file final-v3.tsv (TSV, C-alpha atoms and all ligand atoms)
chain	number	residue	atom	x	y	z
Y	1	MET	CA	122.60	84.14	49.88
Y	2	MET	CA	118.92	83.54	50.63
Y	3	PHE	CA	116.14	85.04	48.55
Y	4	ASP	CA	112.64	84.85	49.92
Y	5	GLN	CA	110.89	85.38	46.59
Y	6	ALA	CA	109.19	82.17	45.61
Y	7	ALA	CA	106.01	82.71	47.62
Y	8	LYS	CA	105.65	86.30	46.47
Y	9	LEU	CA	106.26	85.27	42.89
Y	10	ARG	CA	103.45	82.75	43.11
Y	11	THR	CA	101.12	85.35	44.60
Y	12	ILE	CA	101.72	87.68	41.70
Y	13	ALA	CA	101.42	84.83	39.20
Y	14	ALA	CA	98.08	83.81	40.66
Y	15	ARG	CA	96.82	87.36	40.31
Y	16	HIS	CA	97.86	87.49	36.69
Y	17	ARG	CA	96.24	84.19	35.91
Y	18	ASP	CA	92.88	85.89	36.35
Y	19	ASP	CA	93.04	87.46	32.88
Y	20	GLY	CA	91.20	84.59	31.20
Y	21	GLY	CA	94.40	82.98	30.00
Y	22	THR	CA	95.15	85.58	27.35
Y	23	THR	CA	98.81	86.35	26.88
Y	24	THR	CA	99.62	90.04	27.09
Y	25	PRO	CA	101.66	91.43	24.23
Y	26	LEU	CA	103.72	93.50	26.67
Y	27	ARG	CA	107.21	92.09	27.24
Y	28	ILE	CA	108.96	93.22	30.41
Y	29	ILE	CA	112.67	92.51	30.22
Y	30	THR	CA	115.38	92.75	32.88
Y	31	ILE	CA	118.84	93.66	31.60
Y	32	THR	CA	121.53	92.22	33.85
Y	33	SER	CA	125.18	91.16	33.76
Y	34	GLY	CA	126.79	90.19	37.01
Y	35	LYS	CA	129.99	92.13	36.37
Y	36	GLY	CA	129.75	95.91	36.25
Y	37	GLY	CA	130.73	98.10	33.34
Y	38	VAL	CA	130.05	95.54	30.59
Y	39	GLY	CA	127.51	97.71	28.74
Y	40	LYS	CA	124.07	97.20	30.37
Y	41	SER	CA	123.14	100.89	30.28
Y	42	THR	CA	124.59	101.44	26.81
Y	43	LEU	CA	122.75	98.44	25.37
Y	44	SER	CA	119.45	98.96	27.18
Y	45	LEU	CA	119.30	102.57	25.97
Y	46	ASN	CA	120.27	101.86	22.37
Y	47	LEU	CA	118.24	98.66	22.16
Y	48	SER	CA	115.18	100.61	23.36
Y	49	LEU	CA	115.74	103.12	20.55
Y	50	ALA	CA	116.23	100.34	17.99
Y	51	LEU	CA	112.95	98.74	19.10
Y	52	ALA	CA	111.24	102.14	18.78
Y	53	ALA	CA	112.68	102.46	15.27
Y	54	GLN	CA	110.81	99.22	14.46
Y	55	GLY	CA	107.57	100.90	15.51
Y	56	LYS	CA	107.45	99.47	19.03
Y	57	LYS	CA	106.33	101.46	22.05
Y	58	VAL	CA	109.08	101.16	24.61
Y	59	LEU	CA	109.56	102.23	28.22
Y	60	LEU	CA	113.11	102.12	29.55
Y	61	VAL	CA	113.29	102.10	33.34
Y	62	ASP	CA	116.54	103.13	34.99
Y	63	ALA	CA	116.30	100.68	37.87
Y	64	ASP	CA	119.94	100.91	38.96
Y	65	SER	CA	119.32	102.12	42.50
Y	66	ASN	CA	123.00	102.53	43.18
Y	67	LEU	CA	124.34	104.58	40.28
Y	68	ALA	CA	121.56	105.41	37.83
Y	69	ASN	CA	122.91	107.31	34.83
Y	70	LEU	CA	120.70	106.88	31.77
Y	71	ASP	CA	119.59	110.53	31.99
Y	72	VAL	CA	123.27	111.54	31.80
Y	73	LEU	CA	123.72	109.36	28.70
Y	74	LEU	CA	120.81	111.32	27.20
Y	75	GLY	CA	121.98	114.73	28.43
Y	76	MET	CA	118.68	115.42	30.16
Y	77	THR	CA	117.64	116.80	33.53
Y	78	PRO	CA	114.38	115.12	34.45
Y	79	THR	CA	111.80	116.68	36.75
Y	80	TYR	CA	110.56	113.39	38.12
Y	81	ARG	CA	112.32	110.12	38.72
Y	82	LEU	CA	111.62	106.54	39.66
Y	83	SER	CA	111.83	107.52	43.33
Y	84	HIS	CA	108.75	109.75	42.91
Y	85	VAL	CA	106.87	106.73	41.53
Y	86	LEU	CA	108.07	104.41	44.28
Y	87	ARG	CA	107.03	106.89	46.95
Y	88	GLY	CA	103.61	107.15	45.32
Y	89	GLU	CA	104.02	110.85	44.48
Y	90	LYS	CA	103.76	110.39	40.68
Y	91	SER	CA	102.41	107.70	38.39
Y	92	ILE	CA	104.78	105.98	35.95
Y	93	GLU	CA	103.13	107.80	33.06
Y	94	GLU	CA	103.49	111.18	34.80
Y	95	ALA	CA	107.17	110.63	35.49
Y	96	ALA	CA	108.18	109.03	32.15
Y	97	VAL	CA	109.84	111.35	29.65
Y	98	PRO	CA	109.48	110.94	25.85
Y	99	VAL	CA	112.87	110.42	24.21
Y	100	TRP	CA	112.39	109.51	20.56
Y	101	LYS	CA	109.54	108.07	18.47
Y	102	GLY	CA	107.60	105.69	20.71
Y	103	MET	CA	110.28	105.47	23.37
Y	104	LYS	CA	110.06	106.91	26.88
Y	105	ILE	CA	112.39	106.75	29.83
Y	106	LEU	CA	111.65	106.57	33.52
Y	107	PRO	CA	114.80	108.19	34.94
Y	108	GLY	CA	116.58	106.63	37.89
Y	109	SER	CA	117.27	108.08	41.27
Y	110	SER	CA	120.96	107.91	41.84
Y	111	GLY	CA	122.00	109.51	45.11
Y	112	ASP	CA	118.43	109.88	46.43
Y	113	ILE	CA	118.66	108.58	49.98
Y	114	ARG	CA	114.88	108.28	50.12
Y	115	PHE	CA	115.00	105.89	47.14
Y	116	PRO	CA	113.10	102.86	48.37
Y	117	LEU	CA	113.62	100.24	45.62
Y	118	ILE	CA	115.54	98.01	47.99
Y	119	ASP	CA	112.25	97.25	49.78
Y	120	THR	CA	110.91	94.10	48.10
Y	121	GLU	CA	107.25	95.02	48.68
Y	122	VAL	CA	107.76	98.38	46.97
Y	123	GLN	CA	109.63	96.70	44.12
Y	124	LEU	CA	106.84	94.13	43.61
Y	125	LYS	CA	104.27	96.95	43.52
Y	126	LEU	CA	106.36	98.60	40.76
Y	127	PHE	CA	106.19	95.40	38.67
Y	128	GLU	CA	102.42	95.30	39.13
Y	129	ASP	CA	102.18	98.92	37.99
Y	130	LEU	CA	104.42	98.19	34.98
Y	131	ARG	CA	102.34	95.18	34.00
Y	132	ALA	CA	99.22	97.35	34.11
Y	133	LEU	CA	100.71	99.35	31.18
Y	134	GLN	CA	100.05	96.47	28.79
Y	135	ASN	CA	97.97	98.62	26.46
Y	136	THR	CA	100.49	101.46	26.48
Y	137	PHE	CA	103.80	99.73	25.72
Y	138	ASP	CA	105.07	96.75	23.70
Y	139	PHE	CA	108.35	96.50	25.60
Y	140	ILE	CA	109.51	97.61	29.03
Y	141	LEU	CA	113.27	97.28	29.59
Y	142	LEU	CA	114.77	97.53	33.07
Y	143	ASP	CA	118.40	98.56	33.28
Y	144	THR	CA	119.67	97.15	36.57
Y	145	GLY	CA	122.82	97.72	38.59
Y	146	ALA	CA	125.84	95.47	38.65
Y	147	GLY	CA	126.18	92.61	41.08
Y	148	LEU	CA	124.10	89.83	42.45
Y	149	ASN	CA	121.71	91.32	44.98
Y	150	SER	CA	118.11	90.71	45.97
Y	151	GLU	CA	116.93	93.72	43.95
Y	152	VAL	CA	118.28	92.26	40.70
Y	153	VAL	CA	117.09	88.74	41.54
Y	154	THR	CA	113.58	90.04	42.34
Y	155	SER	CA	113.55	91.88	39.03
Y	156	ILE	CA	114.57	88.76	37.08
Y	157	LEU	CA	112.01	86.57	38.86
Y	158	ASN	CA	109.18	89.03	38.27
Y	159	THR	CA	109.73	90.02	34.64
Y	160	ASP	CA	109.03	88.03	31.49
Y	161	GLU	CA	112.51	87.77	30.06
Y	162	THR	CA	116.09	88.39	31.10
Y	163	ILE	CA	118.83	89.64	28.82
Y	164	VAL	CA	122.26	88.83	30.23
Y	165	ILE	CA	125.09	91.01	28.96
Y	166	THR	CA	128.68	89.86	29.03
Y	167	THR	CA	131.89	90.85	27.33
Y	168	PRO	CA	134.20	88.05	26.10
Y	169	GLU	CA	136.45	88.49	29.16
Y	170	PRO	CA	136.46	85.37	31.38
Y	171	THR	CA	135.73	87.48	34.48
Y	172	ALA	CA	132.55	88.87	32.90
Y	173	VAL	CA	131.52	85.42	31.66
Y	174	MET	CA	132.01	83.90	35.13
Y	175	ASP	CA	129.95	86.65	36.77
Y	176	ALA	CA	127.21	86.22	34.15
Y	177	TYR	CA	127.19	82.49	34.90
Y	178	ALA	CA	126.96	83.19	38.66
Y	179	VAL	CA	123.83	85.32	38.10
Y	180	ILE	CA	122.25	82.75	35.79
Y	181	LYS	CA	122.95	79.95	38.28
Y	182	THR	CA	121.42	81.85	41.18
Y	183	VAL	CA	118.25	82.84	39.37
Y	184	CYS	CA	117.85	79.35	37.90
Y	185	LEU	CA	117.98	77.85	41.38
Y	186	GLU	CA	115.56	80.48	42.72
Y	187	SER	CA	113.06	79.99	39.91
Y	188	GLY	CA	113.30	76.25	39.48
Y	189	GLY	CA	114.79	76.80	36.02
Y	190	LYS	CA	111.70	78.43	34.52
Y	191	LEU	CA	113.31	81.52	33.10
Y	192	ASP	CA	113.36	82.92	29.60
Y	193	LEU	CA	117.07	83.79	29.31
Y	194	LYS	CA	118.75	85.59	26.45
Y	195	LEU	CA	122.36	86.59	25.92
Y	196	ILE	CA	124.16	89.49	24.24
Y	197	VAL	CA	127.95	89.55	23.97
Y	198	ASN	CA	129.16	93.15	24.06
Y	199	ALA	CA	132.43	94.82	23.14
Y	200	ALA	CA	133.63	91.83	21.14
Y	201	TRP	CA	136.73	92.16	18.97
Y	202	SER	CA	135.32	89.91	16.24
Y	203	PRO	CA	132.17	87.92	15.46
Y	204	LEU	CA	134.14	84.75	16.16
Y	205	ASP	CA	135.22	86.08	19.56
Y	206	ALA	CA	131.56	86.81	20.39
Y	207	GLU	CA	130.22	83.51	19.08
Y	208	GLU	CA	132.81	81.49	21.00
Y	209	THR	CA	131.92	83.36	24.18
Y	210	GLY	CA	128.23	82.73	23.56
Y	211	ARG	CA	128.80	79.05	22.80
Y	212	LYS	CA	130.90	78.49	25.92
Y	213	LEU	CA	128.32	80.11	28.19
Y	214	GLN	CA	125.48	78.22	26.50
Y	215	MET	CA	127.38	74.97	27.02
Y	216	VAL	CA	127.95	75.40	30.75
Y	217	VAL	CA	124.39	76.65	31.31
Y	218	SER	CA	122.96	73.65	29.50
Y	219	HIS	CA	125.37	71.13	31.06
Y	220	PHE	CA	125.31	72.27	34.70
Y	221	LEU	CA	121.94	74.04	34.99
Y	222	LYS	CA	119.96	71.96	32.47
Y	223	THR	CA	118.45	75.04	30.95
Y	224	GLN	CA	118.87	77.09	27.78
Y	225	ILE	CA	120.07	80.63	27.17
Y	226	HIS	CA	119.31	81.98	23.73
Y	227	TYR	CA	122.07	83.88	21.91
Y	228	LEU	CA	120.55	87.15	20.64
Y	229	GLY	CA	123.71	88.45	18.98
Y	230	PHE	CA	126.74	90.58	19.68
Y	231	VAL	CA	127.87	94.19	19.61
Y	232	PRO	CA	131.46	94.85	18.54
Y	233	TYR	CA	133.87	97.00	20.47
Y	234	ASP	CA	133.28	100.39	18.85
Y	235	LYS	CA	134.92	103.69	19.75
Y	236	ASN	CA	131.79	105.49	18.52
Y	237	VAL	CA	130.11	104.32	21.73
Y	238	HIS	CA	132.61	106.39	23.68
Y	239	HIS	CA	132.28	109.40	21.34
Y	240	ALA	CA	128.49	109.30	21.74
Y	241	VAL	CA	128.74	109.18	25.55
Y	242	VAL	CA	130.95	112.27	25.52
Y	243	GLU	CA	128.33	114.05	23.39
Y	244	GLN	CA	125.58	112.77	25.71
Y	245	GLN	CA	123.72	111.26	22.78
Y	246	PRO	CA	122.88	107.59	22.17
Y	247	VAL	CA	125.20	106.00	19.61
Y	248	TYR	CA	122.16	104.59	17.80
Y	249	LEU	CA	121.00	108.14	16.96
Y	250	LYS	CA	124.35	109.92	16.79
Y	251	PHE	CA	126.16	107.34	14.61
Y	252	PRO	CA	123.37	105.26	13.03
Y	253	ARG	CA	125.71	103.62	10.52
Y	254	SER	CA	128.36	102.66	13.07
Y	255	ALA	CA	129.15	98.98	13.72
Y	256	SER	CA	127.57	99.15	17.18
Y	257	ALA	CA	124.35	100.82	15.98
Y	258	THR	CA	123.85	98.37	13.12
Y	259	SER	CA	124.45	95.34	15.33
Y	260	ILE	CA	122.03	96.69	17.95
Y	261	GLN	CA	119.47	97.13	15.16
Y	262	LYS	CA	119.92	93.46	14.22
Y	263	ILE	CA	119.52	92.39	17.85
Y	264	ALA	CA	116.28	94.40	18.11
Y	265	GLN	CA	114.90	92.62	15.05
Y	266	THR	CA	115.90	89.22	16.47
Y	267	LEU	CA	114.28	90.09	19.80
Y	268	ILE	CA	111.03	91.12	18.11
Y	269	ARG	CA	110.93	87.84	16.18
Y	270	GLN	CA	111.48	85.73	19.29
Y	271	PRO	CA	108.29	84.31	20.68
Y	272	LYS	CA	108.20	84.82	24.40
Y	273	ILE	CA	107.24	82.16	26.86
Y	274	SER	CA	104.19	83.71	28.47
Y	275	TYR	CA	104.61	84.94	32.01
Y	276	GLN	CA	101.67	82.77	33.01
Y	277	GLU	CA	103.32	79.65	31.58
Y	278	ARG	CA	106.66	80.44	33.11
Y	279	VAL	CA	105.44	80.94	36.65
Y	280	ALA	CA	102.45	78.58	36.49
Y	281	VAL	CA	101.42	77.59	40.00
Y	282	LYS	CA	101.86	73.88	40.52
P	301	LIG	N1	130.34	98.09	22.40
P	301	LIG	C1	131.12	98.95	23.08
P	301	LIG	N2	132.27	99.43	22.52
P	301	LIG	C2	133.06	100.30	23.19
P	301	LIG	N3	132.79	100.77	24.42
P	301	LIG	C3	131.65	100.34	25.03
P	301	LIG	C4	130.75	99.42	24.40
P	301	LIG	N4	129.71	99.20	25.25
P	301	LIG	C5	129.95	99.94	26.33
P	301	LIG	N5	131.10	100.63	26.24
P	301	LIG	C6	131.70	101.53	27.24
P	301	LIG	O1	131.89	100.77	28.42
P	301	LIG	C7	131.64	101.55	29.58
P	301	LIG	C8	130.60	100.88	30.45
P	301	LIG	O2	129.35	100.87	29.78
P	301	LIG	P1	127.96	100.94	30.56
P	301	LIG	O3	127.93	102.10	31.47
P	301	LIG	O4	126.89	100.80	29.54
P	301	LIG	O5	128.08	99.59	31.42
P	301	LIG	P2	127.14	99.10	32.60
P	301	LIG	O6	127.13	97.60	32.54
P	301	LIG	O7	125.82	99.78	32.53
P	301	LIG	O8	127.92	99.60	33.88
P	301	LIG	P3	127.41	99.58	35.41
P	301	LIG	O9	127.57	98.16	35.86
P	301	LIG	O10	128.34	100.51	36.10
P	301	LIG	O11	125.99	100.03	35.40
P	301	LIG	C9	131.22	102.92	29.07
P	301	LIG	O12	132.35	103.75	29.11
P	301	LIG	C10	130.78	102.68	27.65
P	301	LIG	O13	130.97	103.80	26.85
P	302	MG	MG	124.79	100.89	34.04
call {"tool": "encode", "arguments": {"input": "final-v3.tsv", "output": "structure tokens"}}
result
Amino acid sequence: MMFDQAAKLRTIAARHRDDGGTTTPLRIITITSGKGGVGKSTLSLNLSLALAAQGKKVLLVDADSNLANLDVLLGMTPTYRLSHVLRGEKSIEEAAVPVWKGMKILPGSSGDIRFPLIDTEVQLKLFEDLRALQNTFDFILLDTGAGLNSEVVTSILNTDETIVITTPEPTAVMDAYAVIKTVCLESGGKLDLKLIVNAAWSPLDAEETGRKLQMVVSHFLKTQIHYLGFVPYDKNVHHAVVEQQPVYLKFPRSASATSIQKIAQTLIRQPKISYQERVAVK
């Protein structure tokens, strides 16, 4: 698979180097997995809420152009969606919907045949617009679709950090590794990668999965992926989906909600490698 991103990435980087060298506090994070159905949408939604609970201003973007469904998880019917923004009909702030505390969502556009995210130029313009919100948000999380496609790769290469989600199943771990390998090769290894193990049966199960993936990434790709923590398999996640409410709000004392809270705190504590440093033009 060929990705023609490097030149565009450098163009954007050069533009952002004009800010006098100051590092923006805004952290734009791509949530990805490789394998589908491992919990990207569940974790990006509940992690956004957990960050908001810590006083952070958060925008969650449903960037899954294939099957966006965060609005369904929230039981809402939005007026405007990401497609309106991409077509230039609405600004991000006009389309974003407040959810809870300082958290807003930019709903996705599942089934909209005029949805143009697949166009790289349009996608890069979206990242520029998101970066311009540096005084409005502390975190912007992008929930992406499953699979290794140019849309996901472009998102990873043009955001500050990447959170890779995997379950302990070997198939999910292999697909996560495939994504990490591709984006490492595309970026020259300059990515800020983080890992969450979801739906683990025990802390040991999760930690072993994390350790194995860290080992292969470090051995074969000569780069690091930081283990942010794990979320146990929890039937409350399913109950919350049925009620169309996030588990973090519906069952705040559940095992999944408390572990997501811990992950949010770890994420806040993590210093980020500045975007400027990461994509510095050689
Ligand atoms: N920690 C968990 N415990 C139990 N069930 C979970 C957990 N996390 C997610 N699930 C369930 O797994 C299924 C898939 O979750 P989700 O939709 O978040 O995955 P996804 O990676 O976004 O999928 P897709 O690739 O289709 O976008 C859902 O039914 C969800 O309720
Ligand atoms: Mg999803």
call {"tool": "closest_atom_pairs", "arguments": {"input": "final-v3.tsv", "of": "chain Y", "to": "ligand MG 302 (chain P)", "cutoff": "10 Å", "atoms": "all atoms listed in the file", "output": "tab-separated table"}}
result
residue	atom	partner	partner_atom	distance
Y:Ile31	CA	P:MG302	MG	9.7
Y:Thr32	CA	P:MG302	MG	9.3
Y:Ser33	CA	P:MG302	MG	9.7
Y:Gly36	CA	P:MG302	MG	7.4
Y:Gly37	CA	P:MG302	MG	6.6
Y:Val38	CA	P:MG302	MG	8.3
Y:Gly39	CA	P:MG302	MG	6.8
Y:Lys40	CA	P:MG302	MG	5.3
Y:Ser41	CA	P:MG302	MG	4.1
Y:Thr42	CA	P:MG302	MG	7.3
Y:Leu43	CA	P:MG302	MG	9.2
Y:Ser44	CA	P:MG302	MG	8.9
Y:Leu45	CA	P:MG302	MG	9.9
Y:Asp62	CA	P:MG302	MG	8.6
Y:Ala63	CA	P:MG302	MG	9.3
Y:Asp64	CA	P:MG302	MG	6.9
Y:Asn66	CA	P:MG302	MG	9.5
Y:Leu67	CA	P:MG302	MG	7.3
Y:Ala68	CA	P:MG302	MG	6.7
Y:Asn69	CA	P:MG302	MG	6.7
Y:Leu70	CA	P:MG302	MG	7.6
Y:Asp143	CA	P:MG302	MG	6.8
Y:Thr144	CA	P:MG302	MG	6.8
Y:Gly145	CA	P:MG302	MG	5.9
Y:Ala146	CA	P:MG302	MG	7.2
call {"tool": "atom_distance", "arguments": {"input": "final-v3.tsv", "atom1": "atom CA of Y:Pro107", "atom2": "atom CA of Y:Ala176"}}
result
25.2 Å
call {"tool": "residues_around", "arguments": {"input": "final-v3.tsv", "residues": "stretch 153-163 of chain Y", "least_positions_apart": "2", "cutoff": "6 Å", "atoms": "only C-alpha atoms", "output": "list in words"}}
result
Ile28, Ile29, Thr30, Ile31, Ser150, Glu151, Asp192, Leu193, Lys194, Leu195 and Tyr275 of chain Y
call {"tool": "closest_residue", "arguments": {"input": "final-v3.tsv", "among": "Y:His219, Y:Lys250, Y:Arg131, Y:Lys35", "to": "Y:Pro168", "atoms": "all atoms listed in the file"}}
result
Y:Lys35
call {"tool": "atom_distance", "arguments": {"input": "final-v3.tsv", "atom1": "atom C1 of ligand LIG 301 (chain P)", "atom2": "atom CA of Y:Phe230"}}
result
10.0 Å
call {"tool": "atom_distance", "arguments": {"input": "final-v3.tsv", "atom1": "atom CA of Y:Lys190", "atom2": "atom CA of Y:Tyr227"}}
result
17.2 Å
call {"tool": "residues_around", "arguments": {"input": "final-v3.tsv", "residues": "stretch 255-265 of chain Y", "least_positions_apart": "4", "cutoff": "7 Å", "atoms": "all atoms listed in the file", "output": "list in words"}}
result
Leu47, Ala50, Leu51, Leu228, Gly229, Phe230, Val231, Pro232, Asp234, Val247, Tyr248, Phe251 and Arg269 of chain Y
call {"tool": "closest_residue", "arguments": {"input": "final-v3.tsv", "among": "Y:Gln224, Y:Thr166, Y:Ser48, Y:Asn236", "to": "Y:Ile105", "atoms": "all atoms listed in the file"}}
result
Y:Ser48
call {"tool": "closest_residue", "arguments": {"input": "final-v3.tsv", "among": "Y:His238, Y:Ser65, Y:Asp71, Y:Leu106", "to": "Y:Gly147", "atoms": "all atoms listed in the file"}}
result
Y:Ser65
call {"tool": "closest_residue", "arguments": {"input": "final-v3.tsv", "among": "Y:Val237, Y:Ala52, Y:Met76, Y:Ala178", "to": "ligand LIG 301 (chain P)", "atoms": "all atoms listed in the file"}}
result
Y:Val237
call {"tool": "closest_residue", "arguments": {"input": "final-v3.tsv", "among": "Y:Ser187, Y:Thr120, Y:Thr167, Y:Gln214", "to": "Y:Trp201", "atoms": "all atoms listed in the file"}}
result
Y:Thr167
call {"tool": "closest_residue", "arguments": {"input": "final-v3.tsv", "among": "Y:Pro170, Y:Gly108, Y:Gly55, Y:Gly189", "to": "ligand LIG 301 (chain P)", "atoms": "only C-alpha atoms and all ligand atoms"}}
result
Y:Gly108
call {"tool": "decode", "arguments": {"input": "final-v3.tsv", "residues": "stretch 120-135 of chain Y", "atoms": "N, CA, C and O atoms", "output": "PDB file, in the first residue's frame"}}
result
ATOM      1  N   THR Y 120      -8.029  13.364   0.599  1.00  0.00           N
ATOM      2  CA  THR Y 120      -6.939  13.732   1.511  1.00  0.00           C
ATOM      3  C   THR Y 120      -6.858  15.236   1.742  1.00  0.00           C
ATOM      4  O   THR Y 120      -6.621  15.698   2.857  1.00  0.00           O
ATOM      5  N   GLU Y 121      -7.067  16.029   0.668  1.00  0.00           N
ATOM      6  CA  GLU Y 121      -7.001  17.491   0.815  1.00  0.00           C
ATOM      7  C   GLU Y 121      -8.039  17.978   1.813  1.00  0.00           C
ATOM      8  O   GLU Y 121      -7.767  18.831   2.662  1.00  0.00           O
ATOM      9  N   VAL Y 122      -9.246  17.431   1.715  1.00  0.00           N
ATOM     10  CA  VAL Y 122     -10.342  17.825   2.606  1.00  0.00           C
ATOM     11  C   VAL Y 122     -10.001  17.408   4.040  1.00  0.00           C
ATOM     12  O   VAL Y 122     -10.221  18.144   5.004  1.00  0.00           O
ATOM     13  N   GLN Y 123      -9.428  16.230   4.163  1.00  0.00           N
ATOM     14  CA  GLN Y 123      -9.063  15.718   5.486  1.00  0.00           C
ATOM     15  C   GLN Y 123      -7.979  16.598   6.116  1.00  0.00           C
ATOM     16  O   GLN Y 123      -8.042  16.929   7.303  1.00  0.00           O
ATOM     17  N   LEU Y 124      -6.993  17.001   5.321  1.00  0.00           N
ATOM     18  CA  LEU Y 124      -5.911  17.846   5.850  1.00  0.00           C
ATOM     19  C   LEU Y 124      -6.447  19.214   6.279  1.00  0.00           C
ATOM     20  O   LEU Y 124      -6.009  19.784   7.273  1.00  0.00           O
ATOM     21  N   LYS Y 125      -7.429  19.725   5.528  1.00  0.00           N
ATOM     22  CA  LYS Y 125      -8.056  21.004   5.893  1.00  0.00           C
ATOM     23  C   LYS Y 125      -8.771  20.851   7.247  1.00  0.00           C
ATOM     24  O   LYS Y 125      -8.727  21.754   8.091  1.00  0.00           O
ATOM     25  N   LEU Y 126      -9.399  19.695   7.472  1.00  0.00           N
ATOM     26  CA  LEU Y 126     -10.065  19.440   8.755  1.00  0.00           C
ATOM     27  C   LEU Y 126      -9.041  19.516   9.899  1.00  0.00           C
ATOM     28  O   LEU Y 126      -9.300  20.139  10.928  1.00  0.00           O
ATOM     29  N   PHE Y 127      -7.871  18.905   9.719  1.00  0.00           N
ATOM     30  CA  PHE Y 127      -6.861  18.934  10.785  1.00  0.00           C
ATOM     31  C   PHE Y 127      -6.384  20.356  11.045  1.00  0.00           C
ATOM     32  O   PHE Y 127      -6.129  20.731  12.181  1.00  0.00           O
ATOM     33  N   GLU Y 128      -6.282  21.150   9.985  1.00  0.00           N
ATOM     34  CA  GLU Y 128      -5.901  22.562  10.173  1.00  0.00           C
ATOM     35  C   GLU Y 128      -6.961  23.282  10.988  1.00  0.00           C
ATOM     36  O   GLU Y 128      -6.652  24.052  11.902  1.00  0.00           O
ATOM     37  N   ASP Y 129      -8.228  23.034  10.647  1.00  0.00           N
ATOM     38  CA  ASP Y 129      -9.338  23.674  11.372  1.00  0.00           C
ATOM     39  C   ASP Y 129      -9.367  23.220  12.831  1.00  0.00           C
ATOM     40  O   ASP Y 129      -9.653  24.004  13.731  1.00  0.00           O
ATOM     41  N   LEU Y 130      -9.072  21.943  13.065  1.00  0.00           N
ATOM     42  CA  LEU Y 130      -9.065  21.426  14.450  1.00  0.00           C
ATOM     43  C   LEU Y 130      -7.934  22.083  15.240  1.00  0.00           C
ATOM     44  O   LEU Y 130      -8.103  22.497  16.381  1.00  0.00           O
ATOM     45  N   ARG Y 131      -6.779  22.198  14.607  1.00  0.00           N
ATOM     46  CA  ARG Y 131      -5.626  22.781  15.298  1.00  0.00           C
ATOM     47  C   ARG Y 131      -5.876  24.253  15.642  1.00  0.00           C
ATOM     48  O   ARG Y 131      -5.346  24.771  16.620  1.00  0.00           O
ATOM     49  N   ALA Y 132      -6.709  24.900  14.840  1.00  0.00           N
ATOM     50  CA  ALA Y 132      -7.021  26.311  15.109  1.00  0.00           C
ATOM     51  C   ALA Y 132      -7.872  26.473  16.379  1.00  0.00           C
ATOM     52  O   ALA Y 132      -8.056  27.581  16.869  1.00  0.00           O
ATOM     53  N   LEU Y 133      -8.384  25.357  16.912  1.00  0.00           N
ATOM     54  CA  LEU Y 133      -9.225  25.424  18.125  1.00  0.00           C
ATOM     55  C   LEU Y 133      -8.384  25.318  19.396  1.00  0.00           C
ATOM     56  O   LEU Y 133      -8.872  24.917  20.446  1.00  0.00           O
ATOM     57  N   GLN Y 134      -7.117  25.690  19.294  1.00  0.00           N
ATOM     58  CA  GLN Y 134      -6.211  25.478  20.434  1.00  0.00           C
ATOM     59  C   GLN Y 134      -6.586  26.269  21.674  1.00  0.00           C
ATOM     60  O   GLN Y 134      -6.176  25.904  22.769  1.00  0.00           O
ATOM     61  N   ASN Y 135      -7.342  27.344  21.511  1.00  0.00           N
ATOM     62  CA  ASN Y 135      -7.756  28.079  22.721  1.00  0.00           C
ATOM     63  C   ASN Y 135      -9.126  27.642  23.226  1.00  0.00           C
ATOM     64  O   ASN Y 135      -9.631  28.155  24.218  1.00  0.00           O
TER      65      ASN Y 135
END
